[in-house]
Amino acid sequence: MSLTAAPNETSLDGLVDDYLRVLANERGASAHTLRAYQRELHGFAAWVSEQYGPEQRVEQIEHTHIRAYLGTLYDRGLQKASAARALAAIRGWFKWLARAGHLEQNAASLVATPRLPKHLPRVPSIEQMNRVVESVGEDAASWPARDTAILELLYGCGVRNAELTGLNLEDIHWANEAILVRGKGQKQRYVPLGDAAALALRSYLAERSALLAAAGEGQGRTTPALFVNLQLRGLDKPGGEARLTTRSVGRIVKRIAVLRGLSAEVHPHTLRHAFGTHLLEEGADLRAIQELLGHERLSTTQRYTQLTTAQLTVVYDRTHPRAR
């Protein structure tokens, strides 16, 4: 079936925007997810309009057209992972289109996901992580107390970068020794607050209070944000919170890690991987790790078993007499 021009009451871009509103308002998608889906879906809609004309209807799109679009992504030099992300966005959109009655059949369901190479997450050892977290000094951090607390929560609690920066003071439940974390899709979970993380937080919060008091000059300046930037940028603006950004956290983690001898590829999610991997290595139950990490599917958590199995294989090959 070819895409021939036909009257169209609802444009492709309009349907994309409708879907994005559903993701934002009904499903609580993060700002990062919304930006990614907006980029991928409007890119696909633009390609369809360019290839077949601006009057095309969504029900005229078949699986062969989606495959052709993926082919153009490869021609642009995109990797399979990038094409897979684009396809995931298109699939989600088509699934919603079918449920909303815009389509009778979901053409995107017939398109296979590009086969991706399996890369196991590389994480620092327990000893390396302890050295990094316990040695944050002025040579590696502009605010050592804050940055130590950041590392403690990323590694000690396994939170995502966006979850960390989204934390408010009220989310720290001292009496229960737990933190309320808002994950993907506005899902909430409690994670234990260990002794080391609690100690780091208390030290940081004392300096945070002093910084706000000095900046306020008696005006009682406050912010709900747990982690704030050192200059309190944005606090003077209406609704400003001086909240630390995910990009800033990424820079903080990388600088400290590199100065303490870790790979330049280390980022906040590396510490989350380390959290899950080290729990498993020390005997934690896989489903408990799933709950702590806030994974919707156990298969996601099982990536850590693959990593540990690979490490055990190295140990076996090095030590067992029948392996040599």
# chains A, B, ... in the order shown; residues from 1 in each chain; ligands from 1
call {"tool": "closest_atom_pairs", "arguments": {"of": "segment 109-172 of chain A", "to": "segment 91-99 of chain A", "cutoff": "10 Å", "atoms": "only C-alpha atoms", "output": "tab-separated table"}}
result
residue	atom	partner	partner_atom	distance
A:Ser109	CA	A:Arg91	CA	6.6
A:Leu110	CA	A:Arg91	CA	9.6
A:Val111	CA	A:Arg91	CA	8.8
call {"tool": "residues_around", "arguments": {"residues": "Pro54 of chain A", "least_positions_apart": "2", "cutoff": "10 Å", "atoms": "only C-alpha atoms", "output": "list of chain:residue names"}}
result
A:Ala5, A:Ala6, A:Asn8, A:Ser11, A:Leu12, A:Ala45, A:Ala46, A:Trp47, A:Val48, A:Ser49, A:Glu50, A:Gln51, A:Tyr52, A:Gln56, A:Arg57
call {"tool": "select_by_dssp", "arguments": {"residues": "segment 102-194 of chain A", "states": "helix (DSSP H, G or I)", "output": "VMD selection string"}}
result
chain A and resid 107 to 110 126 to 133 144 to 156 161 to 165 169 to 171 184 to 186
call {"tool": "residues_around", "arguments": {"residues": "Lys254 of chain A", "least_positions_apart": "4", "cutoff": "7 Å", "atoms": "only C-alpha atoms", "output": "list in words"}}
result
Gly250, Val258, Ala264, Val266 and His267 of chain A
call {"tool": "select_by_dssp", "arguments": {"residues": "segment 128-198 of chain A", "states": "strand (DSSP E or B)", "output": "ChimeraX atom specification"}}
result
/A:168,172-173,178-182,188-192
call {"tool": "write_last_selection", "arguments": {"atoms": "N, CA and C atoms", "output": "PDB file, in the first residue's frame"}}
result
ATOM      1  N   ASN A 168      13.704  16.304  48.040  1.00  0.00           N
ATOM      2  CA  ASN A 168      13.452  17.467  48.888  1.00  0.00           C
ATOM      3  C   ASN A 168      13.807  17.128  50.336  1.00  0.00           C
ATOM      4  N   ILE A 172      13.571  13.004  53.385  1.00  0.00           N
ATOM      5  CA  ILE A 172      14.462  12.289  54.295  1.00  0.00           C
ATOM      6  C   ILE A 172      13.691  11.964  55.568  1.00  0.00           C
ATOM      7  N   HIS A 173      13.394  10.708  55.780  1.00  0.00           N
ATOM      8  CA  HIS A 173      12.617  10.255  56.940  1.00  0.00           C
ATOM      9  C   HIS A 173      13.596   9.712  57.982  1.00  0.00           C
ATOM     10  N   ALA A 178      15.014   6.114  56.301  1.00  0.00           N
ATOM     11  CA  ALA A 178      14.669   5.823  54.913  1.00  0.00           C
ATOM     12  C   ALA A 178      14.524   7.119  54.123  1.00  0.00           C
ATOM     13  N   ILE A 179      14.592   6.983  52.819  1.00  0.00           N
ATOM     14  CA  ILE A 179      14.404   8.105  51.908  1.00  0.00           C
ATOM     15  C   ILE A 179      13.257   7.790  50.969  1.00  0.00           C
ATOM     16  N   LEU A 180      12.366   8.748  50.784  1.00  0.00           N
ATOM     17  CA  LEU A 180      11.282   8.600  49.808  1.00  0.00           C
ATOM     18  C   LEU A 180      11.809   9.049  48.454  1.00  0.00           C
ATOM     19  N   VAL A 181      11.814   8.122  47.493  1.00  0.00           N
ATOM     20  CA  VAL A 181      12.366   8.389  46.168  1.00  0.00           C
ATOM     21  C   VAL A 181      11.239   8.356  45.151  1.00  0.00           C
ATOM     22  N   ARG A 182      11.199   9.377  44.297  1.00  0.00           N
ATOM     23  CA  ARG A 182      10.216   9.411  43.209  1.00  0.00           C
ATOM     24  C   ARG A 182      10.899   8.989  41.931  1.00  0.00           C
ATOM     25  N   GLN A 188       6.757   5.833  43.455  1.00  0.00           N
ATOM     26  CA  GLN A 188       7.485   6.139  44.682  1.00  0.00           C
ATOM     27  C   GLN A 188       7.958   4.854  45.346  1.00  0.00           C
ATOM     28  N   ARG A 189       9.111   4.962  45.997  1.00  0.00           N
ATOM     29  CA  ARG A 189       9.620   3.827  46.759  1.00  0.00           C
ATOM     30  C   ARG A 189      10.458   4.367  47.915  1.00  0.00           C
ATOM     31  N   TYR A 190      10.577   3.580  48.946  1.00  0.00           N
ATOM     32  CA  TYR A 190      11.436   3.932  50.065  1.00  0.00           C
ATOM     33  C   TYR A 190      12.721   3.112  49.971  1.00  0.00           C
ATOM     34  N   VAL A 191      13.846   3.770  50.182  1.00  0.00           N
ATOM     35  CA  VAL A 191      15.123   3.058  50.220  1.00  0.00           C
ATOM     36  C   VAL A 191      15.765   3.325  51.571  1.00  0.00           C
ATOM     37  N   PRO A 192      16.459   2.342  52.126  1.00  0.00           N
ATOM     38  CA  PRO A 192      17.084   2.524  53.439  1.00  0.00           C
ATOM     39  C   PRO A 192      18.174   3.588  53.389  1.00  0.00           C
TER      40      PRO A 192
END
call {"tool": "decode", "arguments": {"residues": "segment 129-161 of chain A", "atoms": "N, CA and C atoms", "output": "short mmCIF file (atom, residue, chain, number, x, y, z; two decimals), in the first residue's frame"}}
result
data_model
loop_
_atom_site.label_atom_id
_atom_site.label_comp_id
_atom_site.auth_asym_id
_atom_site.auth_seq_id
_atom_site.Cartn_x
_atom_site.Cartn_y
_atom_site.Cartn_z
N MET A 129 35.20 1.77 45.18
CA MET A 129 34.11 2.67 45.54
C MET A 129 34.29 3.22 46.95
N ASN A 130 34.72 2.38 47.88
CA ASN A 130 34.95 2.86 49.24
C ASN A 130 36.03 3.94 49.25
N ARG A 131 37.08 3.75 48.45
CA ARG A 131 38.15 4.73 48.40
C ARG A 131 37.66 6.06 47.86
N VAL A 132 36.83 6.01 46.83
CA VAL A 132 36.32 7.24 46.23
C VAL A 132 35.40 7.99 47.19
N VAL A 133 34.44 7.28 47.78
CA VAL A 133 33.45 7.92 48.64
C VAL A 133 34.08 8.48 49.91
N GLU A 134 35.11 7.80 50.40
CA GLU A 134 35.71 8.21 51.68
C GLU A 134 36.83 9.22 51.53
N SER A 135 37.12 9.66 50.29
CA SER A 135 38.28 10.54 50.11
C SER A 135 37.93 11.80 49.34
N VAL A 136 36.70 12.29 49.48
CA VAL A 136 36.31 13.52 48.79
C VAL A 136 36.90 14.71 49.55
N GLY A 137 37.80 15.40 48.90
CA GLY A 137 38.44 16.55 49.53
C GLY A 137 38.35 17.79 48.67
N GLU A 138 38.95 18.86 49.13
CA GLU A 138 38.89 20.13 48.41
C GLU A 138 39.63 20.08 47.08
N ASP A 139 40.56 19.12 46.93
CA ASP A 139 41.25 18.99 45.66
C ASP A 139 40.34 18.46 44.56
N ALA A 140 39.25 17.78 44.96
CA ALA A 140 38.37 17.16 43.97
C ALA A 140 36.96 17.71 43.98
N ALA A 141 36.62 18.54 44.97
CA ALA A 141 35.23 18.99 45.09
C ALA A 141 35.19 20.45 45.52
N SER A 142 34.26 21.20 44.92
CA SER A 142 34.07 22.59 45.31
C SER A 142 33.32 22.69 46.64
N TRP A 143 32.56 21.65 46.99
CA TRP A 143 31.82 21.61 48.25
C TRP A 143 31.91 20.17 48.77
N PRO A 144 32.98 19.81 49.44
CA PRO A 144 33.22 18.43 49.84
C PRO A 144 32.08 17.78 50.61
N ALA A 145 31.46 18.49 51.55
CA ALA A 145 30.39 17.90 52.35
C ALA A 145 29.20 17.52 51.47
N ARG A 146 28.81 18.44 50.58
CA ARG A 146 27.69 18.15 49.68
C ARG A 146 28.03 17.01 48.74
N ASP A 147 29.22 17.05 48.16
CA ASP A 147 29.57 16.06 47.15
C ASP A 147 29.78 14.68 47.76
N THR A 148 30.23 14.63 49.00
CA THR A 148 30.30 13.34 49.69
C THR A 148 28.90 12.77 49.89
N ALA A 149 27.95 13.62 50.28
CA ALA A 149 26.57 13.17 50.46
C ALA A 149 25.98 12.67 49.14
N ILE A 150 26.31 13.35 48.05
CA ILE A 150 25.83 12.93 46.72
C ILE A 150 26.34 11.53 46.40
N LEU A 151 27.64 11.29 46.60
CA LEU A 151 28.20 9.97 46.32
C LEU A 151 27.60 8.91 47.23
N GLU A 152 27.38 9.26 48.49
CA GLU A 152 26.80 8.29 49.43
C GLU A 152 25.40 7.87 48.99
N LEU A 153 24.61 8.81 48.47
CA LEU A 153 23.25 8.46 48.06
C LEU A 153 23.24 7.72 46.73
N LEU A 154 24.11 8.11 45.81
CA LEU A 154 24.17 7.42 44.52
C LEU A 154 24.63 5.97 44.70
N TYR A 155 25.69 5.79 45.48
CA TYR A 155 26.23 4.45 45.67
C TYR A 155 25.60 3.73 46.85
N GLY A 156 25.35 4.45 47.94
CA GLY A 156 24.82 3.81 49.13
C GLY A 156 23.34 3.51 49.07
N CYS A 157 22.59 4.24 48.21
CA CYS A 157 21.15 4.04 48.10
C CYS A 157 20.71 3.61 46.69
N GLY A 158 21.61 3.72 45.72
CA GLY A 158 21.29 3.24 44.38
C GLY A 158 20.30 4.09 43.62
N VAL A 159 20.18 5.37 43.96
CA VAL A 159 19.19 6.21 43.29
C VAL A 159 19.71 6.68 41.94
N ARG A 160 18.79 6.98 41.04
CA ARG A 160 19.14 7.55 39.75
C ARG A 160 19.53 9.02 39.93
N ASN A 161 20.23 9.54 38.94
CA ASN A 161 20.65 10.94 38.99
C ASN A 161 19.44 11.87 39.12
#
